[in-house]
>>> print(open('run02.txt').read())   # compact mmCIF, C-alpha atoms and all ligand atoms
# COMPACT_ATOMS: atom_id res chain seq x y z
CA MET H 33 104.57 146.67 91.33
CA VAL H 34 102.17 147.95 93.98
CA ALA H 35 99.40 147.96 91.40
CA ALA H 36 99.60 144.20 90.89
CA PRO H 37 97.13 143.19 93.63
CA ALA H 38 94.69 145.86 92.52
CA ILE H 39 94.82 144.55 88.96
CA ARG H 40 94.19 141.01 90.16
CA LEU H 41 91.15 142.18 92.10
CA LEU H 42 89.86 144.02 89.05
CA ILE H 43 90.17 140.95 86.86
CA LEU H 44 88.29 138.94 89.47
CA LEU H 45 85.53 141.56 89.58
CA CYS H 46 85.23 141.52 85.78
CA PHE H 47 84.43 137.82 85.97
CA LEU H 48 81.93 138.29 88.77
CA LEU H 49 80.05 141.31 87.46
CA PRO H 50 78.15 139.76 84.52
CA SER H 51 76.66 137.14 86.79
CA THR H 52 75.83 139.81 89.33
CA PHE H 53 73.65 141.75 86.98
CA ALA H 54 71.66 138.82 85.62
CA ILE H 55 68.89 139.20 88.15
CA TYR H 56 65.18 138.34 88.11
CA CYS H 57 64.26 137.52 84.50
CA ASP H 58 67.41 138.99 82.88
CA GLU H 59 66.42 141.46 80.23
CA ASP H 60 62.93 139.98 79.94
CA ASP H 61 59.90 141.05 81.88
CA CYS H 62 58.69 138.30 84.19
CA TYR H 63 55.03 139.16 83.55
CA ASP H 64 55.53 139.15 79.78
CA LEU H 65 57.17 135.75 79.97
CA LEU H 66 54.07 134.33 81.62
CA GLY H 67 51.77 136.39 79.36
CA VAL H 68 49.94 138.06 82.25
CA SER H 69 49.45 141.68 83.27
CA GLN H 70 51.16 143.21 86.26
CA THR H 71 47.84 143.30 88.10
CA ALA H 72 47.13 139.58 87.63
CA ASN H 73 46.23 137.73 90.81
CA SER H 74 48.02 134.63 92.03
CA SER H 75 45.58 132.13 90.54
CA GLU H 76 45.85 133.76 87.13
CA ILE H 77 49.63 133.55 87.35
CA LYS H 78 49.47 129.92 88.34
CA LYS H 79 47.09 129.11 85.49
CA ALA H 80 49.31 130.90 82.95
CA TYR H 81 52.33 129.02 84.20
CA TYR H 82 50.69 125.60 83.92
CA LYS H 83 49.48 126.31 80.44
CA LEU H 84 52.91 127.42 79.25
CA SER H 85 54.83 124.68 81.00
CA LEU H 86 52.60 122.07 79.41
CA LYS H 87 53.25 123.55 76.02
CA HIS H 88 57.03 123.89 76.42
CA HIS H 89 57.92 120.97 78.66
CA PRO H 90 60.99 119.15 77.23
CA ASP H 91 59.11 115.84 77.43
CA LYS H 92 56.39 117.15 75.17
CA ASN H 93 58.35 119.51 72.99
CA PRO H 94 61.79 118.40 71.74
CA ASP H 95 62.55 121.78 70.16
CA PRO H 96 65.64 123.31 71.89
CA GLU H 97 64.09 126.79 71.68
CA SER H 98 61.15 125.46 73.57
CA ARG H 99 63.40 124.15 76.29
CA LYS H 100 64.89 127.62 76.75
CA ILE H 101 61.42 129.11 77.03
CA PHE H 102 60.46 126.46 79.55
CA VAL H 103 63.41 127.37 81.78
CA LYS H 104 62.62 131.08 81.54
CA VAL H 105 58.94 130.57 82.29
CA ALA H 106 59.73 128.40 85.29
CA ASN H 107 62.11 131.06 86.60
CA ALA H 108 59.53 133.82 86.11
CA TYR H 109 56.97 131.75 87.97
CA GLU H 110 59.41 131.18 90.85
CA ILE H 111 59.63 134.93 91.26
CA LEU H 112 55.97 135.82 90.83
CA LYS H 113 54.36 133.02 92.79
CA ASP H 114 55.86 134.27 96.05
CA GLU H 115 54.26 137.45 97.41
CA ALA H 116 57.50 138.77 98.87
CA THR H 117 59.71 138.27 95.80
CA ARG H 118 56.94 139.53 93.52
CA GLU H 119 56.79 142.70 95.56
CA GLN H 120 60.57 143.09 95.33
CA TYR H 121 60.41 142.56 91.61
CA ASP H 122 57.67 145.17 91.23
CA TYR H 123 59.83 147.58 93.19
CA ALA H 124 62.86 146.78 91.00
CA ILE H 125 61.00 147.54 87.75
CA ALA H 126 59.54 150.71 89.26
CA HIS H 127 63.01 151.88 90.39
CA PRO H 128 65.47 150.72 87.75
CA GLU H 129 68.03 153.31 88.91
CA GLU H 130 68.54 151.56 92.26
CA VAL H 131 70.63 148.83 90.66
CA PHE H 132 72.71 147.94 93.68
CA TYR H 133 69.85 147.94 96.13
CA ASN H 134 67.76 145.73 93.86
CA THR H 135 70.64 143.37 93.22
CA ALA H 136 71.31 143.00 96.91
CA ARG H 137 67.66 142.31 97.64
CA TYR H 138 67.46 139.79 94.84
CA TYR H 139 70.47 137.85 96.12
CA HIS H 140 69.23 138.07 99.64
CA ALA H 141 65.84 136.65 98.66
CA TYR H 142 67.31 133.83 96.61
CA TYR H 143 70.40 132.83 98.48
CA GLY H 144 69.95 134.46 101.88
CA HIS H 145 67.59 132.05 103.54
CA LYS H 146 68.57 128.81 101.89
CA THR H 147 72.33 129.03 102.06
CA ASP H 148 74.21 125.83 102.56
CA PRO H 149 76.53 126.31 105.54
CA ARG H 150 79.24 124.44 103.65
CA ALA H 151 78.98 126.98 100.85
CA VAL H 152 79.35 129.79 103.38
CA LEU H 153 82.44 128.10 104.80
CA VAL H 154 83.98 127.64 101.37
CA GLY H 155 83.16 131.25 100.52
CA LEU H 156 84.75 132.50 103.72
CA LEU H 157 87.83 130.40 103.10
CA LEU H 158 88.18 131.74 99.59
CA LEU H 159 87.72 135.30 100.81
CA LEU H 160 90.27 134.76 103.55
CA SER H 161 92.71 133.28 101.07
CA ALA H 162 92.22 136.19 98.70
CA PHE H 163 93.00 138.65 101.48
CA GLN H 164 95.96 136.56 102.55
CA TYR H 165 97.31 136.58 99.01
CA LEU H 166 96.82 140.32 98.63
CA ASN H 167 98.47 140.90 101.98
CA GLN H 168 101.44 138.75 101.02
CA TRP H 169 101.79 140.62 97.77
CA THR H 170 101.71 143.99 99.47
CA ARG H 171 104.30 142.93 102.03
CA TYR H 172 106.48 141.45 99.32
CA THR H 173 106.37 144.55 97.12
CA GLN H 174 107.01 146.78 100.12
CA ALA H 175 110.05 144.73 101.14
CA ILE H 176 111.40 144.81 97.58
CA THR H 177 110.94 148.56 97.33
CA MET H 178 112.72 149.08 100.65
CA VAL H 179 115.64 146.86 99.70
CA LYS H 180 116.01 148.58 96.33
CA LYS H 181 116.58 151.90 98.07
CA THR H 182 119.56 150.64 100.05
CA PRO H 183 123.10 151.41 98.86
CA ALA H 184 124.02 147.75 99.30
CA TYR H 185 121.46 146.82 96.68
CA LYS H 186 122.63 149.50 94.29
CA ASN H 187 126.21 148.35 94.66
CA LYS H 188 125.22 144.77 94.07
CA LEU H 189 123.36 145.80 90.95
CA ARG H 190 126.41 147.65 89.66
CA ALA H 191 128.69 144.75 90.49
CA LEU H 192 126.43 142.35 88.65
CA GLU H 193 126.41 144.58 85.61
CA LEU H 194 130.19 144.87 85.63
CA GLU H 195 130.52 141.12 85.95
CA ARG H 196 128.22 140.53 82.99
CA SER H 197 129.82 143.07 80.74
CA GLY H 198 133.23 141.52 81.49
CA GLY H 199 134.50 144.65 83.22
CA ILE H 200 133.85 146.89 80.25
CA THR H 201 131.48 149.68 81.14
CA ASN H 202 129.96 151.88 78.57
CA LYS H 203 132.09 154.99 78.75
CA LYS H 204 129.59 157.14 76.91
CA LYS H 205 126.87 156.54 79.39
CA GLY H 206 129.20 157.10 82.25
CA HIS H 207 130.08 154.92 85.13
CA LYS H 208 127.12 155.52 87.34
CA GLN H 209 124.37 155.12 84.87
CA ILE H 210 123.02 151.68 84.35
CA ASP H 211 120.66 151.55 81.48
CA LYS H 212 117.06 150.83 82.24
CA LYS H 213 116.78 147.48 80.56
CA SER H 214 119.70 145.77 82.23
CA GLU H 215 118.68 147.30 85.53
CA GLU H 216 115.35 145.57 85.15
CA ASP H 217 116.93 142.24 84.22
CA PHE H 218 119.44 142.29 87.02
CA GLY H 219 116.79 143.54 89.40
CA LYS H 220 114.77 140.41 88.68
CA GLU H 221 117.79 138.25 89.46
CA LEU H 222 118.54 140.04 92.69
CA GLU H 223 114.93 139.90 93.78
CA LEU H 224 115.23 136.16 94.06
CA GLN H 225 118.06 136.59 96.54
CA ILE H 226 116.30 139.02 98.87
CA LYS H 227 115.73 137.17 102.09
CA GLY H 228 112.69 137.65 104.25
CA ALA H 229 110.62 138.72 101.31
CA GLU H 230 109.07 135.52 100.17
CA LYS H 231 107.18 135.78 96.95
CA PRO H 232 103.55 134.92 97.72
CA SER H 233 102.88 131.31 97.02
CA MET H 234 99.58 129.57 96.39
CA TRP H 235 100.71 126.75 98.65
CA ASP H 236 100.60 128.92 101.75
CA LEU H 237 96.99 129.94 101.38
CA VAL H 238 94.55 128.81 104.07
CA ALA H 239 92.23 127.16 101.57
CA VAL H 240 95.03 125.22 99.90
CA GLN H 241 96.51 124.21 103.24
CA LEU H 242 93.14 122.92 104.37
CA LEU H 243 92.75 120.90 101.18
CA LEU H 244 96.21 119.46 101.70
CA LEU H 245 95.61 118.70 105.37
CA PRO H 246 94.97 114.95 104.93
CA TYR H 247 98.13 114.67 102.85
CA THR H 248 100.19 116.68 105.37
CA LEU H 249 98.89 114.64 108.26
CA SER H 250 99.56 111.30 106.62
CA LYS H 251 103.06 112.42 105.68
CA LEU H 252 103.67 113.39 109.29
CA LEU H 253 102.34 110.06 110.48
CA VAL H 254 104.58 108.08 108.12
CA TRP H 255 107.55 110.19 109.19
CA SER H 256 106.84 109.62 112.89
CA VAL H 257 106.41 105.90 112.44
CA CYS H 258 109.67 105.66 110.47
CA TRP H 259 111.46 107.69 113.12
CA PHE H 260 110.12 105.54 115.92
CA TRP H 261 111.00 102.32 114.14
CA ARG H 262 114.50 103.39 113.18
CA TYR H 263 115.64 105.13 116.34
CA ARG H 264 113.53 103.68 119.14
CA VAL H 265 112.95 100.10 118.07
CA LYS H 266 116.05 99.27 116.02
CA LYS H 267 118.23 101.80 117.90
CA THR H 268 120.10 102.86 114.77
CA LEU H 269 122.49 105.80 115.03
CA TYR H 270 120.97 109.08 113.92
CA SER H 271 121.60 109.93 110.30
CA TRP H 272 123.41 113.21 109.65
CA ASN H 273 120.23 115.00 108.56
CA ASP H 274 118.22 113.74 111.50
CA ALA H 275 120.97 114.65 113.95
CA CYS H 276 121.02 118.11 112.39
CA TYR H 277 117.27 118.33 112.78
CA LEU H 278 117.47 117.38 116.48
CA THR H 279 120.29 119.82 117.14
CA GLN H 280 118.50 122.61 115.35
CA ARG H 281 115.32 121.91 117.29
CA SER H 282 116.96 121.75 120.71
CA LEU H 283 118.82 125.01 120.06
CA ARG H 284 115.74 126.59 118.45
CA VAL H 285 117.68 127.71 115.39
CA PRO H 286 115.53 128.87 112.48
CA ASP H 287 116.00 126.99 109.20
CA GLU H 288 117.61 129.90 107.44
CA ALA H 289 120.13 130.55 110.19
CA TRP H 290 121.01 126.88 110.29
CA ALA H 291 121.53 126.79 106.53
CA ASN H 292 123.94 129.72 106.86
CA THR H 293 125.95 128.13 109.66
CA ASP H 294 129.30 126.82 108.46
CA ASP H 295 129.90 123.08 108.35
CA SER H 296 132.60 122.78 111.03
CA MET H 297 130.37 124.62 113.50
CA LYS H 298 127.46 122.34 112.60
CA GLU H 299 129.61 119.26 113.03
CA ASP H 300 130.79 120.44 116.42
CA LEU H 301 127.26 121.09 117.59
CA VAL H 302 125.92 117.81 116.27
CA ARG H 303 128.71 115.84 117.95
CA ARG H 304 127.66 117.24 121.32
CA ARG H 305 124.29 115.44 121.06
CA LEU H 306 122.45 118.45 122.45
CA TRP H 307 119.06 116.77 122.18
CA GLU H 308 119.95 114.89 125.37
CA LYS H 309 119.13 117.01 128.37
CA SER H 310 122.38 116.51 130.26
CA ASN H 311 124.48 117.45 127.23
CA MET H 312 122.39 120.52 126.70
CA GLU H 313 122.91 121.61 130.28
CA ILE H 314 126.68 121.20 129.98
CA TYR H 315 126.62 123.17 126.75
CA MET H 316 124.58 125.98 128.29
CA THR H 317 126.91 126.35 131.30
CA GLU H 318 129.89 126.41 128.95
CA MET H 319 128.26 129.11 126.91
CA ARG H 320 127.50 131.19 129.99
CA LYS H 321 131.10 130.95 131.16
CA GLU H 322 132.28 131.90 127.69
CA THR H 323 130.20 135.08 127.58
CA LYS H 324 131.33 136.04 131.11
CA ARG H 325 134.96 135.51 130.16
CA ARG H 326 134.57 137.72 127.11
CA ARG H 327 133.17 140.54 129.20
C1 LIG R 401 41.70 136.20 90.11
O1 LIG R 401 41.16 136.89 89.01
C2 LIG R 401 40.21 136.10 88.27
C3 LIG R 401 39.81 136.85 87.00
O2 LIG R 401 39.94 138.23 87.15
C4 LIG R 401 38.99 135.79 89.15
O3 LIG R 401 38.08 135.00 88.47
C5 LIG R 401 39.49 135.04 90.39
O4 LIG R 401 38.45 134.81 91.30
C6 LIG R 401 40.59 135.82 91.10
N1 LIG R 401 41.17 134.96 92.14
C7 LIG R 401 41.54 135.44 93.32
C8 LIG R 401 42.12 134.42 94.26
O5 LIG R 401 41.40 136.59 93.63
>>> encode(input="run02.txt", output="structure tokens")
Amino acid sequence: MVAAPAIRLLILLCFLLPSTFAIYCDEDDCYDLLGVSQTANSSEIKKAYYKLSLKHHPDKNPDPESRKIFVKVANAYEILKDEATREQYDYAIAHPEEVFYNTARYYHAYYGHKTDPRAVLVGLLLLLSAFQYLNQWTRYTQAITMVKKTPAYKNKLRALELERSGGITNKKKGHKQIDKKSEEDFGKELELQIKGAEKPSMWDLVAVQLLLLPYTLSKLLVWSVCWFWRYRVKKTLYSWNDACYLTQRSLRVPDEAWANTDDSMKEDLVRRRLWEKSNMEIYMTEMRKETKRRR
């Protein structure tokens, strides 16, 4: 279970690595592509490039092989025409063992100084989301592991097994031993019921939330307008759900706690119209008296 985030990261890296190592002229030599020696000066390189690009330009040469050569030649020229990148390239071929250093320098030269700030933002968002997801997964698996160690969980598991087998337990295996397979199956069922350990969801990620922001905002706007129209303009009585919402908000009850409150209690609270300040004050004084009395 704990290995899951690590595996995800590994899969991601496997997709990224091939593109990482395709640097400079791939497996070709940039000088060979242009047909010049490593000591050629800049005007010789330029001349060689023009000659080759004329020969292989897609407008002049419809052969698809030629097109590929044209792209490669243009790329090689990009690298060799600039003193700085040419120097880096020379260093990279002289020190093939410094793979990571060369790769970093290559990416810095090509993407470092002409990075679109929007791309940086998107990259940061994606990175943040990835960390968020990993974090959620870790917390989730930790919570599950903790819960599984509690006696309450073990009892629940046993009860579930008994219920499924119709009260007949396998005598041979003994009462206490639940076989591995059914433990796994029941475990999956119980996992869904563990509160406070929300399975990580794509919808919660920062990047996704940001994408959904216009939708969320317009939904909120429609909701507010409807609310205003119904309850302020037309002065309709609050619907049950809306009255619940107001009560819950004025008492600051979390959703989960509210859902677990029994109906008669809810009804009583809603009838008090606690969203009105005066009612709330009366309710609070009553509550204070009640706690004093109990002491
Ligand atoms: C480059 O080399 C060529 C041939 O060796 C020479 O004719 C030319 O003057 C040189 N150009 C520069 C800018 O050094």
>>> residues_near_ligand(input="run02.txt", ligand="ligand LIG 401 (chain R)", cutoff="12 Å", atoms="all atoms listed in the file", output="PDB file with C-alpha atoms, keeping the file's coordinate frame")
ATOM      1  CA  VAL H  68      49.940 138.060  82.250  1.00  0.00           C
ATOM      2  CA  SER H  69      49.450 141.680  83.270  1.00  0.00           C
ATOM      3  CA  THR H  71      47.840 143.300  88.100  1.00  0.00           C
ATOM      4  CA  ALA H  72      47.130 139.580  87.630  1.00  0.00           C
ATOM      5  CA  ASN H  73      46.230 137.730  90.810  1.00  0.00           C
ATOM      6  CA  SER H  74      48.020 134.630  92.030  1.00  0.00           C
ATOM      7  CA  SER H  75      45.580 132.130  90.540  1.00  0.00           C
ATOM      8  CA  GLU H  76      45.850 133.760  87.130  1.00  0.00           C
ATOM      9  CA  ILE H  77      49.630 133.550  87.350  1.00  0.00           C
ATOM     10  CA  LYS H  78      49.470 129.920  88.340  1.00  0.00           C
ATOM     11  CA  LYS H  79      47.090 129.110  85.490  1.00  0.00           C
ATOM     12  CA  ALA H  80      49.310 130.900  82.950  1.00  0.00           C
TER      13      ALA H  80
END
>>> closest_atom_pairs(input="run02.txt", of="range 234-283 of chain H", to="range 291-296 of chain H", cutoff="12 Å", atoms="only C-alpha atoms", output="Markdown table")
| residue | atom | partner | partner_atom | distance |
| --- | --- | --- | --- | --- |
| H:Trp272 | CA | H:Asp295 | CA | 11.9 |
| H:Cys276 | CA | H:Ala291 | CA | 10.5 |
| H:Tyr277 | CA | H:Ala291 | CA | 11.3 |
| H:Gln280 | CA | H:Ala291 | CA | 10.2 |
>>> closest_residue(input="run02.txt", among="H:Met234, H:Ala141, H:Val240, H:Ala136", to="Asp114 in chain H", atoms="only C-alpha atoms")
H:Ala141
>>> atom_distance(input="run02.txt", atom1="CA of His88 in chain H", atom2="CA of Ala126 in chain H")
29.8 Å
>>> atom_distance(input="run02.txt", atom1="CA of Ala124 in chain H", atom2="CA of Ile55 in chain H")
10.1 Å
>>> atom_distance(input="run02.txt", atom1="CA of Gly67 in chain H", atom2="CA of Lys92 in chain H")
20.2 Å
>>> closest_residue(input="run02.txt", among="H:Ile314, H:Ala275, H:Val285, H:Val265", to="Glu299 in chain H", atoms="only C-alpha atoms")
H:Ala275
